[in-house]
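Notes to accompany the following structure.
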Amino acid sequence: GPTKLHPNMVNVDLYPFLNVDILSKGEALPFYDAAFDGVVCDQVLEHVYDPDAVAREIVRITKPGGLIYVGVPFTYPLHPSPKDYIRWSQEGARRLLSGCEIVESGNAMGPTSGLLVTLAAWLSLVFSFGLTPLRKGLQYVFMLLLFPFKYLDLVFAHFPGAETIAATVYVVARKR
């Protein structure tokens, strides 16, 4: 994607956004085996047709001992960009990297965030009266109005059971 997390990182995307270094499908990455010390794949896998194939490619291009970060949606609403196919629990996200040693997993965006983004989508649906352009615009308005409540996740994301309704989850794994 367009976000450059570090100057030494190589950004891969399907589209030539600013800061994208390589254009490629995730299912066939143009890198040799064990090319990278670490790989970050954040909020991407829900947009690809075969996330298991992308996960295998991520593992393939990571050096043994290297770290992999995968962030995926769980209770987050549909957001086609251009497509949106699937959701994962923490256990499901860990399964994506089942051949690796799981170092850590948790909630990336907690239960309040899941509730708020869904509430913003619901409110925009109700108050758009079936007009798609109005619904899309209202969703951003409601997201802005509800944003301050996201800080409740600083507390609630750590409560037992929060993982059952978290908006997004993550896994950090080490390639064996």
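Following the order of the structure tokens, first chain is A, next is B, and so on, with residues numbered from 1 inside each chain and ligands from 1 in the order they appear.
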
I'd like the neighbourhood of Ala157 of chain A as a list in words, where a residue qualifies if any of its atoms comes within 10 Å (using only C-alpha atoms), though same-chain residues fewer than 5 positions away should be ignored.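 Counting only C-alpha atoms, the residues come to Gly106, Asn107, Ala108, Met109, Gly110, Pro111, Thr112, Ser113, Tyr151, Leu152, Ala162, Glu163, Ile165, Ala166 and Ala167 of chain A.
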
Output the selection as a short mmCIF file (atom, residue, chain, number, x, y, z; two decimals), in the first residue's frame - all heavy atoms for each residue.
```
data_model
loop_
_atom_site.label_atom_id
_atom_site.label_comp_id
_atom_site.auth_asym_id
_atom_site.auth_seq_id
_atom_site.Cartn_x
_atom_site.Cartn_y
_atom_site.Cartn_z
N GLY A 106 -3.36 -10.93 19.01
CA GLY A 106 -4.24 -10.11 19.85
C GLY A 106 -5.18 -9.28 19.02
O GLY A 106 -5.33 -9.47 17.81
N ASN A 107 -5.80 -8.33 19.69
CA ASN A 107 -6.73 -7.40 19.05
C ASN A 107 -5.94 -6.21 18.53
O ASN A 107 -5.26 -5.54 19.30
CB ASN A 107 -7.78 -6.90 20.05
CG ASN A 107 -8.57 -8.03 20.66
OD1 ASN A 107 -8.75 -9.06 20.04
ND2 ASN A 107 -9.03 -7.84 21.87
N ALA A 108 -6.04 -5.92 17.26
CA ALA A 108 -5.43 -4.72 16.70
C ALA A 108 -6.36 -3.53 16.92
O ALA A 108 -5.93 -2.45 17.29
CB ALA A 108 -5.11 -4.90 15.23
N MET A 109 -7.63 -3.72 16.67
CA MET A 109 -8.68 -2.74 16.97
C MET A 109 -9.70 -3.48 17.82
O MET A 109 -10.21 -4.52 17.41
CB MET A 109 -9.33 -2.20 15.70
CG MET A 109 -8.42 -1.35 14.85
SD MET A 109 -9.18 -0.89 13.25
CE MET A 109 -10.63 -0.01 13.75
N GLY A 110 -10.00 -2.96 18.98
CA GLY A 110 -10.82 -3.67 19.95
C GLY A 110 -12.31 -3.67 19.68
O GLY A 110 -12.78 -3.24 18.62
N PRO A 111 -13.08 -4.12 20.68
CA PRO A 111 -14.52 -4.28 20.52
C PRO A 111 -15.27 -2.96 20.34
O PRO A 111 -16.27 -2.92 19.62
CB PRO A 111 -14.94 -4.99 21.80
CG PRO A 111 -13.88 -4.69 22.78
CD PRO A 111 -12.62 -4.56 22.00
N THR A 112 -14.79 -1.89 20.97
CA THR A 112 -15.46 -0.60 20.79
C THR A 112 -15.33 -0.14 19.35
O THR A 112 -16.30 0.36 18.75
CB THR A 112 -14.89 0.46 21.74
OG1 THR A 112 -14.93 -0.05 23.08
CG2 THR A 112 -15.68 1.75 21.66
N SER A 113 -14.16 -0.33 18.77
CA SER A 113 -13.95 0.05 17.37
C SER A 113 -14.87 -0.75 16.45
O SER A 113 -15.44 -0.20 15.51
CB SER A 113 -12.49 -0.19 16.97
OG SER A 113 -11.64 0.66 17.71
N TYR A 151 -11.42 5.61 22.03
CA TYR A 151 -10.46 5.57 23.12
C TYR A 151 -10.88 4.62 24.23
O TYR A 151 -10.06 4.21 25.05
CB TYR A 151 -10.21 6.98 23.67
CG TYR A 151 -9.42 7.82 22.69
CD1 TYR A 151 -10.03 8.81 21.95
CD2 TYR A 151 -8.06 7.57 22.47
CE1 TYR A 151 -9.32 9.56 21.03
CE2 TYR A 151 -7.35 8.31 21.55
CZ TYR A 151 -7.98 9.31 20.83
OH TYR A 151 -7.26 10.04 19.93
N LEU A 152 -12.14 4.23 24.26
CA LEU A 152 -12.59 3.23 25.23
C LEU A 152 -11.88 1.89 25.01
O LEU A 152 -11.74 1.08 25.94
CB LEU A 152 -14.10 3.05 25.15
CG LEU A 152 -14.94 4.24 25.60
CD1 LEU A 152 -16.41 4.02 25.26
CD2 LEU A 152 -14.75 4.50 27.09
N ALA A 162 -12.87 -9.85 24.90
CA ALA A 162 -12.82 -8.79 23.88
C ALA A 162 -12.47 -9.35 22.51
O ALA A 162 -12.91 -8.83 21.48
CB ALA A 162 -11.83 -7.71 24.28
N GLU A 163 -11.72 -10.45 22.50
CA GLU A 163 -11.32 -11.05 21.22
C GLU A 163 -12.51 -11.63 20.45
O GLU A 163 -12.41 -11.86 19.25
CB GLU A 163 -10.26 -12.14 21.44
CG GLU A 163 -10.76 -13.41 22.07
CD GLU A 163 -10.96 -13.36 23.59
OE1 GLU A 163 -10.65 -12.32 24.22
OE2 GLU A 163 -11.45 -14.36 24.15
N ILE A 165 -15.27 -10.06 19.82
CA ILE A 165 -15.94 -9.01 19.05
C ILE A 165 -14.98 -7.90 18.61
O ILE A 165 -15.39 -6.79 18.28
CB ILE A 165 -17.14 -8.40 19.82
CG1 ILE A 165 -16.72 -7.87 21.19
CG2 ILE A 165 -18.27 -9.39 19.93
CD1 ILE A 165 -17.80 -7.10 21.91
N ALA A 166 -13.67 -8.19 18.59
CA ALA A 166 -12.70 -7.19 18.16
C ALA A 166 -12.93 -6.83 16.69
O ALA A 166 -13.34 -7.67 15.90
CB ALA A 166 -11.28 -7.73 18.33
N ALA A 167 -12.65 -5.59 16.35
CA ALA A 167 -12.80 -5.15 14.96
C ALA A 167 -11.77 -5.82 14.07
O ALA A 167 -12.08 -6.34 13.00
CB ALA A 167 -12.68 -3.63 14.87
#
```

I want to know what sits within 7 Å of Leu97 of chain A, based on only C-alpha atoms, with residues of the same chain fewer than 3 positions away left out; could you give that as a PyMOL selection string? chain A and resi 55+94+100

Restricted to N, CA, C and O atoms, what would the selected residues look like written as an mmCIF file, in the first residue's frame?
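See selection16.cif below for the written result:
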```cif
data_model
loop_
_atom_site.group_PDB
_atom_site.id
_atom_site.type_symbol
_atom_site.label_atom_id
_atom_site.label_comp_id
_atom_site.auth_asym_id
_atom_site.auth_seq_id
_atom_site.Cartn_x
_atom_site.Cartn_y
_atom_site.Cartn_z
ATOM 1 N N ALA A 55 -0.564 -15.955 2.092
ATOM 2 C CA ALA A 55 0.139 -16.288 3.337
ATOM 3 C C ALA A 55 1.324 -17.212 3.051
ATOM 4 O O ALA A 55 2.413 -17.037 3.621
ATOM 5 N N ARG A 94 -4.130 -17.042 13.187
ATOM 6 C CA ARG A 94 -2.956 -17.865 13.524
ATOM 7 C C ARG A 94 -2.830 -19.042 12.545
ATOM 8 O O ARG A 94 -1.723 -19.423 12.171
ATOM 9 N N CYS A 100 4.522 -21.627 11.096
ATOM 10 C CA CYS A 100 5.465 -20.761 11.798
ATOM 11 C C CYS A 100 5.228 -20.848 13.308
ATOM 12 O O CYS A 100 4.190 -21.311 13.760
#
```

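Across the structure, atom CA of Pro2 of chain A and atom CA of Leu14 of chain A are spaced 10.9 Å apart.
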
Figure out the distance between atom CA of Met9 of chain A and atom CA of Asp37 of chain A, please, to one decimal in Å.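 Taking atom CA of Asp37 of chain A as the start and atom CA of Met9 of chain A as the end point, the length is 10.3 Å.
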
Neighbour list for Lys4 of chain A as a ChimeraX atom specification, cut-off 10 Å, only C-alpha atoms, skip fewer than 5 positions in-chain: /A:9-11,18-21

For C-alpha atoms, I'd like the residues from the last selection saved as a compact mmCIF listing (two decimals), in the first residue's frame.
```txt
# COMPACT_ATOMS: atom_id res chain seq x y z
CA MET A 9 10.94 -1.47 3.42
CA VAL A 10 9.71 -2.57 0.01
CA ASN A 11 6.03 -1.76 -0.53
CA LEU A 18 2.61 6.82 -4.08
CA ASN A 19 5.33 4.89 -2.15
CA VAL A 20 4.57 1.58 -3.90
CA ASP A 21 7.86 0.03 -5.03
```

Write down as number ranges by chain the residues of chain A whose backbone DSSP state falls under alpha helix (DSSP H). A: 51-61, 90-96, 111-127, 132-146, 153-156

Output N, CA and C atoms for every residue in the selection just made, as a compact mmCIF listing (two decimals), in the first residue's frame.
```txt
# COMPACT_ATOMS: atom_id res chain seq x y z
N PRO A 51 -6.41 -15.91 0.15
CA PRO A 51 -5.52 -15.46 1.23
C PRO A 51 -4.53 -16.52 1.69
N ASP A 52 -4.89 -17.79 1.59
CA ASP A 52 -3.95 -18.85 1.98
C ASP A 52 -2.73 -18.85 1.06
N ALA A 53 -2.94 -18.61 -0.24
CA ALA A 53 -1.82 -18.55 -1.18
C ALA A 53 -0.93 -17.36 -0.87
N VAL A 54 -1.52 -16.22 -0.52
CA VAL A 54 -0.73 -15.04 -0.17
C VAL A 54 0.07 -15.32 1.11
N ALA A 55 -0.56 -15.95 2.09
CA ALA A 55 0.14 -16.29 3.34
C ALA A 55 1.32 -17.21 3.05
N ARG A 56 1.15 -18.19 2.17
CA ARG A 56 2.26 -19.08 1.81
C ARG A 56 3.40 -18.29 1.15
N GLU A 57 3.05 -17.34 0.31
CA GLU A 57 4.08 -16.50 -0.34
C GLU A 57 4.82 -15.66 0.69
N ILE A 58 4.08 -15.12 1.65
CA ILE A 58 4.71 -14.31 2.71
C ILE A 58 5.72 -15.16 3.48
N VAL A 59 5.32 -16.36 3.83
CA VAL A 59 6.24 -17.27 4.54
C VAL A 59 7.43 -17.61 3.65
N ARG A 60 7.19 -17.86 2.39
CA ARG A 60 8.26 -18.24 1.45
C ARG A 60 9.33 -17.17 1.37
N ILE A 61 8.95 -15.90 1.31
CA ILE A 61 9.94 -14.82 1.11
C ILE A 61 10.58 -14.34 2.41
N GLN A 90 -8.95 -14.58 15.93
CA GLN A 90 -7.53 -14.71 16.24
C GLN A 90 -7.04 -16.12 15.88
N GLU A 91 -7.82 -17.12 16.22
CA GLU A 91 -7.43 -18.50 15.91
C GLU A 91 -7.31 -18.70 14.40
N GLY A 92 -8.25 -18.15 13.65
CA GLY A 92 -8.19 -18.26 12.20
C GLY A 92 -6.99 -17.54 11.61
N ALA A 93 -6.65 -16.38 12.18
CA ALA A 93 -5.47 -15.64 11.71
C ALA A 93 -4.19 -16.41 12.02
N ARG A 94 -4.13 -17.04 13.19
CA ARG A 94 -2.96 -17.87 13.52
C ARG A 94 -2.83 -19.04 12.54
N ARG A 95 -3.96 -19.60 12.12
CA ARG A 95 -3.95 -20.71 11.17
C ARG A 95 -3.30 -20.31 9.85
N LEU A 96 -3.44 -19.05 9.45
CA LEU A 96 -2.82 -18.59 8.22
C LEU A 96 -1.31 -18.82 8.23
N PRO A 111 -13.08 -4.12 20.68
CA PRO A 111 -14.52 -4.28 20.52
C PRO A 111 -15.27 -2.96 20.34
N THR A 112 -14.79 -1.89 20.97
CA THR A 112 -15.46 -0.60 20.79
C THR A 112 -15.33 -0.14 19.35
N SER A 113 -14.16 -0.33 18.77
CA SER A 113 -13.95 0.05 17.37
C SER A 113 -14.87 -0.75 16.45
N GLY A 114 -15.02 -2.03 16.74
CA GLY A 114 -15.94 -2.87 15.95
C GLY A 114 -17.37 -2.37 16.04
N LEU A 115 -17.79 -2.04 17.25
CA LEU A 115 -19.14 -1.51 17.45
C LEU A 115 -19.32 -0.18 16.73
N LEU A 116 -18.35 0.72 16.86
CA LEU A 116 -18.50 2.06 16.28
C LEU A 116 -18.51 2.05 14.76
N VAL A 117 -17.64 1.26 14.15
CA VAL A 117 -17.60 1.24 12.69
C VAL A 117 -18.88 0.60 12.15
N THR A 118 -19.41 -0.38 12.87
CA THR A 118 -20.67 -0.99 12.46
C THR A 118 -21.83 -0.03 12.69
N LEU A 119 -21.81 0.69 13.80
CA LEU A 119 -22.85 1.68 14.09
C LEU A 119 -22.84 2.80 13.04
N ALA A 120 -21.65 3.26 12.66
CA ALA A 120 -21.56 4.30 11.63
C ALA A 120 -22.15 3.80 10.32
N ALA A 121 -21.86 2.56 9.97
CA ALA A 121 -22.41 1.98 8.74
C ALA A 121 -23.93 1.86 8.84
N TRP A 122 -24.42 1.43 9.99
CA TRP A 122 -25.87 1.28 10.19
C TRP A 122 -26.58 2.63 10.14
N LEU A 123 -26.04 3.62 10.85
CA LEU A 123 -26.65 4.96 10.85
C LEU A 123 -26.68 5.56 9.45
N SER A 124 -25.59 5.38 8.72
CA SER A 124 -25.56 5.93 7.35
C SER A 124 -26.56 5.22 6.45
N LEU A 125 -26.77 3.94 6.68
CA LEU A 125 -27.76 3.18 5.91
C LEU A 125 -29.17 3.73 6.19
N VAL A 126 -29.49 3.92 7.47
CA VAL A 126 -30.82 4.38 7.87
C VAL A 126 -31.10 5.80 7.37
N PHE A 127 -30.14 6.69 7.54
CA PHE A 127 -30.38 8.10 7.22
C PHE A 127 -30.07 8.48 5.77
N THR A 132 -27.25 5.70 -2.35
CA THR A 132 -25.89 5.20 -2.13
C THR A 132 -24.86 6.31 -1.94
N PRO A 133 -24.84 7.36 -2.77
CA PRO A 133 -23.84 8.41 -2.55
C PRO A 133 -24.01 9.08 -1.18
N LEU A 134 -25.25 9.29 -0.76
CA LEU A 134 -25.50 9.88 0.55
C LEU A 134 -25.04 8.93 1.66
N ARG A 135 -25.32 7.64 1.50
CA ARG A 135 -24.90 6.66 2.50
C ARG A 135 -23.39 6.67 2.68
N LYS A 136 -22.65 6.68 1.57
CA LYS A 136 -21.19 6.68 1.65
C LYS A 136 -20.66 7.94 2.32
N GLY A 137 -21.24 9.08 2.01
CA GLY A 137 -20.83 10.33 2.65
C GLY A 137 -21.18 10.36 4.12
N LEU A 138 -22.38 9.93 4.46
CA LEU A 138 -22.81 9.91 5.85
C LEU A 138 -21.96 8.96 6.70
N GLN A 139 -21.51 7.88 6.10
CA GLN A 139 -20.69 6.94 6.86
C GLN A 139 -19.43 7.63 7.38
N TYR A 140 -18.79 8.46 6.56
CA TYR A 140 -17.61 9.20 7.02
C TYR A 140 -17.99 10.22 8.09
N VAL A 141 -19.12 10.87 7.94
CA VAL A 141 -19.58 11.84 8.95
C VAL A 141 -19.79 11.14 10.29
N PHE A 142 -20.49 10.01 10.26
CA PHE A 142 -20.75 9.29 11.51
C PHE A 142 -19.46 8.72 12.11
N MET A 143 -18.54 8.29 11.26
CA MET A 143 -17.26 7.79 11.77
C MET A 143 -16.50 8.91 12.49
N LEU A 144 -16.53 10.10 11.94
CA LEU A 144 -15.88 11.24 12.60
C LEU A 144 -16.55 11.59 13.92
N LEU A 145 -17.88 11.60 13.93
CA LEU A 145 -18.60 11.93 15.15
C LEU A 145 -18.38 10.89 16.25
N LEU A 146 -18.26 9.64 15.89
CA LEU A 146 -18.10 8.56 16.86
C LEU A 146 -16.65 8.32 17.26
N ASP A 153 -11.39 1.66 23.80
CA ASP A 153 -10.66 0.43 23.53
C ASP A 153 -9.34 0.35 24.29
N LEU A 154 -8.81 1.48 24.74
CA LEU A 154 -7.60 1.44 25.55
C LEU A 154 -7.83 0.59 26.80
N VAL A 155 -9.07 0.53 27.25
CA VAL A 155 -9.44 -0.30 28.40
C VAL A 155 -10.08 -1.60 27.93
N PHE A 156 -11.13 -1.51 27.14
CA PHE A 156 -11.95 -2.68 26.82
C PHE A 156 -11.27 -3.71 25.93
```

So which one's closest to Val103 of chain A, A:Ile22, A:Val39, A:Val44, A:Ala173? Using only C-alpha atoms, please.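 Using only C-alpha atoms, the shortest distance to Val103 of chain A belongs to A:Ala173.
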
Step one, run DSSP on the backbone; step two, keep only residues of segment 8-168 of chain A assigned to strand (DSSP E); then write them as JSON, numbers by chain. {"A": [12, 13, 22, 23, 36, 37, 38, 39, 40, 41, 42, 62, 63, 64, 65, 66, 67, 68, 69, 70, 71, 72, 73, 101, 102, 103, 104, 105, 106, 107, 108, 109, 168]}

Selection above as a file: N, CA, C and O atoms, as a short mmCIF file (atom, residue, chain, number, x, y, z; two decimals), in the first residue's frame:
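Result written to again13.cif:
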```cif
data_model
loop_
_atom_site.label_atom_id
_atom_site.label_comp_id
_atom_site.auth_asym_id
_atom_site.auth_seq_id
_atom_site.Cartn_x
_atom_site.Cartn_y
_atom_site.Cartn_z
N VAL A 12 4.60 -3.35 -1.64
CA VAL A 12 4.03 -4.08 -2.77
C VAL A 12 2.54 -3.80 -2.81
O VAL A 12 1.87 -3.80 -1.77
N ASP A 13 2.00 -3.57 -4.00
CA ASP A 13 0.56 -3.37 -4.16
C ASP A 13 0.19 -3.73 -5.60
O ASP A 13 1.06 -3.83 -6.46
N ILE A 22 6.84 -2.04 -5.82
CA ILE A 22 6.67 -3.19 -6.71
C ILE A 22 5.18 -3.41 -6.94
O ILE A 22 4.40 -3.47 -5.99
N LEU A 23 4.78 -3.56 -8.20
CA LEU A 23 3.40 -3.93 -8.53
C LEU A 23 3.35 -5.44 -8.71
O LEU A 23 4.09 -6.00 -9.52
N PHE A 36 13.61 -11.67 2.80
CA PHE A 36 13.38 -10.59 3.75
C PHE A 36 13.50 -11.04 5.20
O PHE A 36 13.11 -12.15 5.55
N ASP A 37 14.01 -10.14 6.03
CA ASP A 37 14.09 -10.38 7.48
C ASP A 37 12.72 -10.38 8.13
O ASP A 37 12.52 -10.99 9.18
N GLY A 38 11.79 -9.66 7.54
CA GLY A 38 10.44 -9.58 8.08
C GLY A 38 9.47 -9.12 7.01
O GLY A 38 9.87 -8.51 6.01
N VAL A 39 8.19 -9.44 7.24
CA VAL A 39 7.13 -9.05 6.31
C VAL A 39 5.96 -8.53 7.11
O VAL A 39 5.58 -9.12 8.13
N VAL A 40 5.39 -7.42 6.66
CA VAL A 40 4.18 -6.85 7.25
C VAL A 40 3.07 -6.94 6.22
O VAL A 40 3.23 -6.47 5.09
N CYS A 41 1.96 -7.55 6.61
CA CYS A 41 0.78 -7.65 5.75
C CYS A 41 -0.41 -7.20 6.59
O CYS A 41 -0.97 -7.98 7.36
N ASP A 42 -0.76 -5.94 6.48
CA ASP A 42 -1.76 -5.35 7.38
C ASP A 42 -3.01 -4.94 6.61
O ASP A 42 -2.96 -4.07 5.75
N THR A 62 10.15 -14.89 3.54
CA THR A 62 10.73 -14.51 4.83
C THR A 62 11.87 -15.46 5.18
O THR A 62 11.76 -16.67 5.01
N LYS A 63 12.98 -14.90 5.67
CA LYS A 63 14.13 -15.71 6.07
C LYS A 63 13.78 -16.56 7.28
O LYS A 63 12.96 -16.14 8.11
N PRO A 64 14.39 -17.72 7.44
CA PRO A 64 14.22 -18.49 8.67
C PRO A 64 14.62 -17.61 9.87
O PRO A 64 15.63 -16.92 9.83
N GLY A 65 13.78 -17.61 10.88
CA GLY A 65 14.00 -16.74 12.04
C GLY A 65 13.40 -15.36 11.88
O GLY A 65 13.33 -14.59 12.83
N GLY A 66 12.95 -15.03 10.66
CA GLY A 66 12.36 -13.72 10.39
C GLY A 66 10.95 -13.61 10.95
O GLY A 66 10.27 -14.61 11.16
N LEU A 67 10.52 -12.38 11.17
CA LEU A 67 9.20 -12.13 11.75
C LEU A 67 8.19 -11.75 10.67
O LEU A 67 8.53 -11.08 9.70
N ILE A 68 6.96 -12.19 10.90
CA ILE A 68 5.84 -11.88 10.01
C ILE A 68 4.73 -11.28 10.85
O ILE A 68 4.36 -11.83 11.89
N TYR A 69 4.20 -10.14 10.41
CA TYR A 69 3.05 -9.51 11.05
C TYR A 69 1.89 -9.56 10.07
O TYR A 69 2.02 -9.10 8.93
N VAL A 70 0.78 -10.12 10.51
CA VAL A 70 -0.43 -10.15 9.70
C VAL A 70 -1.56 -9.55 10.52
O VAL A 70 -1.83 -9.98 11.65
N GLY A 71 -2.21 -8.52 9.97
CA GLY A 71 -3.39 -7.92 10.58
C GLY A 71 -4.58 -8.12 9.66
O GLY A 71 -4.47 -7.91 8.44
N VAL A 72 -5.70 -8.59 10.23
CA VAL A 72 -6.89 -8.89 9.43
C VAL A 72 -8.15 -8.46 10.16
O VAL A 72 -8.17 -8.36 11.39
N PRO A 73 -9.25 -8.21 9.44
CA PRO A 73 -10.51 -7.84 10.09
C PRO A 73 -11.20 -9.05 10.70
O PRO A 73 -11.04 -10.18 10.23
N GLU A 101 6.20 -20.36 14.06
CA GLU A 101 6.04 -20.25 15.51
C GLU A 101 5.26 -18.97 15.80
O GLU A 101 5.69 -17.87 15.41
N ILE A 102 4.12 -19.11 16.44
CA ILE A 102 3.32 -17.93 16.78
C ILE A 102 3.96 -17.25 17.99
O ILE A 102 4.09 -17.85 19.05
N VAL A 103 4.38 -16.01 17.81
CA VAL A 103 5.03 -15.25 18.86
C VAL A 103 4.00 -14.51 19.70
O VAL A 103 4.09 -14.45 20.92
N GLU A 104 2.99 -13.98 19.02
CA GLU A 104 1.99 -13.15 19.70
C GLU A 104 0.77 -13.02 18.80
O GLU A 104 0.89 -13.06 17.59
N SER A 105 -0.39 -12.88 19.42
CA SER A 105 -1.59 -12.52 18.67
C SER A 105 -2.49 -11.74 19.60
O SER A 105 -2.39 -11.85 20.83
N GLY A 106 -3.36 -10.93 19.01
CA GLY A 106 -4.24 -10.11 19.85
C GLY A 106 -5.18 -9.28 19.02
O GLY A 106 -5.33 -9.47 17.81
N ASN A 107 -5.80 -8.33 19.69
CA ASN A 107 -6.73 -7.40 19.05
C ASN A 107 -5.94 -6.21 18.53
O ASN A 107 -5.26 -5.54 19.30
N ALA A 108 -6.04 -5.92 17.26
CA ALA A 108 -5.43 -4.72 16.70
C ALA A 108 -6.36 -3.53 16.92
O ALA A 108 -5.93 -2.45 17.29
N MET A 109 -7.63 -3.72 16.67
CA MET A 109 -8.68 -2.74 16.97
C MET A 109 -9.70 -3.48 17.82
O MET A 109 -10.21 -4.52 17.41
N THR A 168 -10.49 -5.79 14.50
CA THR A 168 -9.42 -6.43 13.74
C THR A 168 -8.50 -7.16 14.71
O THR A 168 -8.40 -6.80 15.88
#
```
